[in-house]
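Accompanying notes for the structure given below.
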Amino acid sequence: MEEVYKDRKVRLFKYVVMLFSFIVLFTGSAFADDNKILGFKVVSQTSNELVIEVTYNYSGDHGDNVFIKVVPAIDRKSSRFFGYKPNRISAGINTLTTKIKPNPKSKVPDGYTTNQLGISMYVGGQGTFLAPSYYDFEKNWSE
């Protein structure tokens with residue numbers, strides 16, 4: 001009877017070790033390098049303003065002073081006419097809402113149209129660590 005009990009303990013121990021190894025293996029690779037933009041949706045827009053909701057995953061590996069930047073672009077080149085409000089983010093899968101408008105001192109040319117949005121992550125005061133993901137989105141910014 002004691003051998004049966006001992007055999008069960010050994011099997012249980014092996015199972016626990018295997019389960020622990022599985023968890024470490026998959027959570028280590030799933031979360032350590034999983035900083036990405038998951039997508040966006042338009043909340044509202046006018047001729048000179050765009051409000052979008054960005055969904056992202058941030059692993060927390062760059063600290064707490066991390067932001068998302070959203071800029072209109074033309075063929076993967078950011079437009080110089082627009083500004084954005086820095087949006088601090090937190091670890092996990094989250095969403096944020098941001099507003100994009102022309103810079104107050106910029107005169108957007110009549111008929112000016114962008115065809116993409118570039119969305120990236122950066123550490124405040126240091127620079128980008130997640131290169132922009134470009135999403136097709138055409139917008140005419142004329143008033």
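To be explicit about the labels: the chains of the structure tokens are called A, B, and onward in the order shown, and within each one the residues are counted from 1, while ligands get numbers from 1 in the order they are shown.
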Exercise for review: Would you kindly return, as a ChimeraX atom specification, each protein, DNA or RNA residue with an atom no farther than 7 Å from any atom of Lys139 (chain A), considering only C-alpha atoms and excluding same-chain residues fewer than 5 positions away?
Suggested key: /A:113-115
Exercise for review: Report as a PyMOL selection string: the residues of region 25-129 of chain A with a DSSP assignment of helix (DSSP H, G or I), based on the backbone of this structure.
Suggested key: chain A and resi 25-31
Check your understanding: Which distance in Å separates CA of Gly63 (chain A) and CA of Phe40 (chain A), to one decimal?
Key -> 23.4 Å
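Closest to Gln116 (chain A) among A:Lys99, A:Lys36, A:Lys77, A:Arg8 is A:Lys77, based on only C-alpha atoms.
The smallest atom-to-atom distance between Leu130 (chain A) and any of A:Leu50, A:Leu96, A:Ile68, A:Ala91, using only C-alpha atoms, is found for A:Ile68.
Of the residues listed (A:Asp136, A:Asn35, A:Asn57, A:Glu49), A:Asp136 shows the shortest atom-to-atom separation from Ile74 (chain A); distances use only C-alpha atoms.
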Review point. Could you pull out the strand (DSSP E or B) residues of region 21-141 of chain A from DSSP and send them as a ChimeraX atom specification?
Key: /A:36-46,49-58,66-74,77-78,82-84,87-88,92-102,113-123,127-140
Written file, previous selection with C-alpha atoms, as a tab-separated table (two decimals), in the first residue's frame:
```tsv
chain	number	residue	atom	x	y	z
A	36	LYS	CA	2.25	46.19	-29.57
A	37	ILE	CA	-0.52	48.29	-30.96
A	38	LEU	CA	-3.58	46.09	-31.35
A	39	GLY	CA	-5.65	48.54	-33.39
A	40	PHE	CA	-7.72	51.70	-33.31
A	41	LYS	CA	-11.22	52.94	-33.99
A	42	VAL	CA	-12.53	56.38	-34.84
A	43	VAL	CA	-14.64	57.91	-32.08
A	44	SER	CA	-15.42	61.16	-33.92
A	45	GLN	CA	-14.02	63.48	-36.55
A	46	THR	CA	-14.50	66.94	-37.96
A	49	GLU	CA	-9.93	67.13	-35.60
A	50	LEU	CA	-9.82	63.37	-35.18
A	51	VAL	CA	-10.63	61.50	-31.97
A	52	ILE	CA	-9.58	57.86	-31.89
A	53	GLU	CA	-9.47	55.03	-29.41
A	54	VAL	CA	-6.23	53.02	-29.47
A	55	THR	CA	-6.01	49.48	-28.11
A	56	TYR	CA	-2.55	48.36	-27.07
A	57	ASN	CA	-0.62	45.81	-25.04
A	58	TYR	CA	2.27	47.06	-22.92
A	66	VAL	CA	5.75	55.38	-21.31
A	67	PHE	CA	3.50	57.08	-23.86
A	68	ILE	CA	1.65	56.40	-27.10
A	69	LYS	CA	2.14	58.76	-30.01
A	70	VAL	CA	-0.39	59.04	-32.85
A	71	VAL	CA	0.39	61.11	-35.94
A	72	PRO	CA	-1.24	61.41	-39.37
A	73	ALA	CA	1.05	60.27	-42.18
A	74	ILE	CA	1.33	60.08	-45.93
A	77	LYS	CA	5.96	59.63	-43.48
A	78	SER	CA	4.62	61.66	-40.55
A	82	PHE	CA	-0.07	67.93	-36.69
A	83	GLY	CA	0.46	67.63	-33.00
A	84	TYR	CA	-0.70	65.19	-30.40
A	87	ASN	CA	-0.84	59.74	-23.68
A	88	ARG	CA	0.76	57.94	-20.72
A	92	GLY	CA	-1.54	45.26	-19.78
A	93	ILE	CA	-4.07	45.29	-22.58
A	94	ASN	CA	-5.77	48.68	-22.43
A	95	THR	CA	-7.40	51.38	-24.50
A	96	LEU	CA	-6.93	55.12	-24.53
A	97	THR	CA	-8.70	57.93	-26.32
A	98	THR	CA	-6.68	60.65	-27.99
A	99	LYS	CA	-7.32	63.76	-30.05
A	100	ILE	CA	-5.30	64.73	-33.14
A	101	LYS	CA	-5.42	68.29	-34.46
A	102	PRO	CA	-3.31	70.58	-36.63
A	113	THR	CA	-5.19	64.70	-47.14
A	114	THR	CA	-3.31	62.09	-45.11
A	115	ASN	CA	-3.71	58.38	-45.86
A	116	GLN	CA	-2.40	56.71	-42.69
A	117	LEU	CA	-2.04	56.99	-38.93
A	118	GLY	CA	1.30	56.11	-37.37
A	119	ILE	CA	0.99	54.79	-33.81
A	120	SER	CA	4.06	54.11	-31.66
A	121	MET	CA	5.25	53.74	-28.04
A	122	TYR	CA	8.06	55.72	-26.47
A	123	VAL	CA	9.72	56.40	-23.12
A	127	GLY	CA	12.75	57.96	-27.50
A	128	THR	CA	10.73	55.36	-29.35
A	129	PHE	CA	11.07	51.69	-28.45
A	130	LEU	CA	8.15	50.43	-30.55
A	131	ALA	CA	8.41	51.68	-34.13
A	132	PRO	CA	5.21	53.09	-35.59
A	133	SER	CA	2.55	50.74	-36.83
A	134	TYR	CA	0.94	52.38	-39.85
A	135	TYR	CA	-2.78	51.96	-40.40
A	136	ASP	CA	-4.57	52.96	-43.58
A	137	PHE	CA	-6.92	55.82	-42.79
A	138	GLU	CA	-7.64	58.56	-45.29
A	139	LYS	CA	-8.65	61.97	-43.97
A	140	ASN	CA	-9.04	65.34	-45.64
```
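Distances from A:Asn65, A:Ser142, A:Ser106, A:Ser59 to Gly125 (chain A) were compared using only C-alpha atoms, and the smallest one belongs to A:Asn65.
CA of Ser90 (chain A) lies 26.7 Å from CA of Asn103 (chain A).
The interatomic distance for the pair CA of Asp34 (chain A) and CA of Lys85 (chain A) works out to 24.2 Å.
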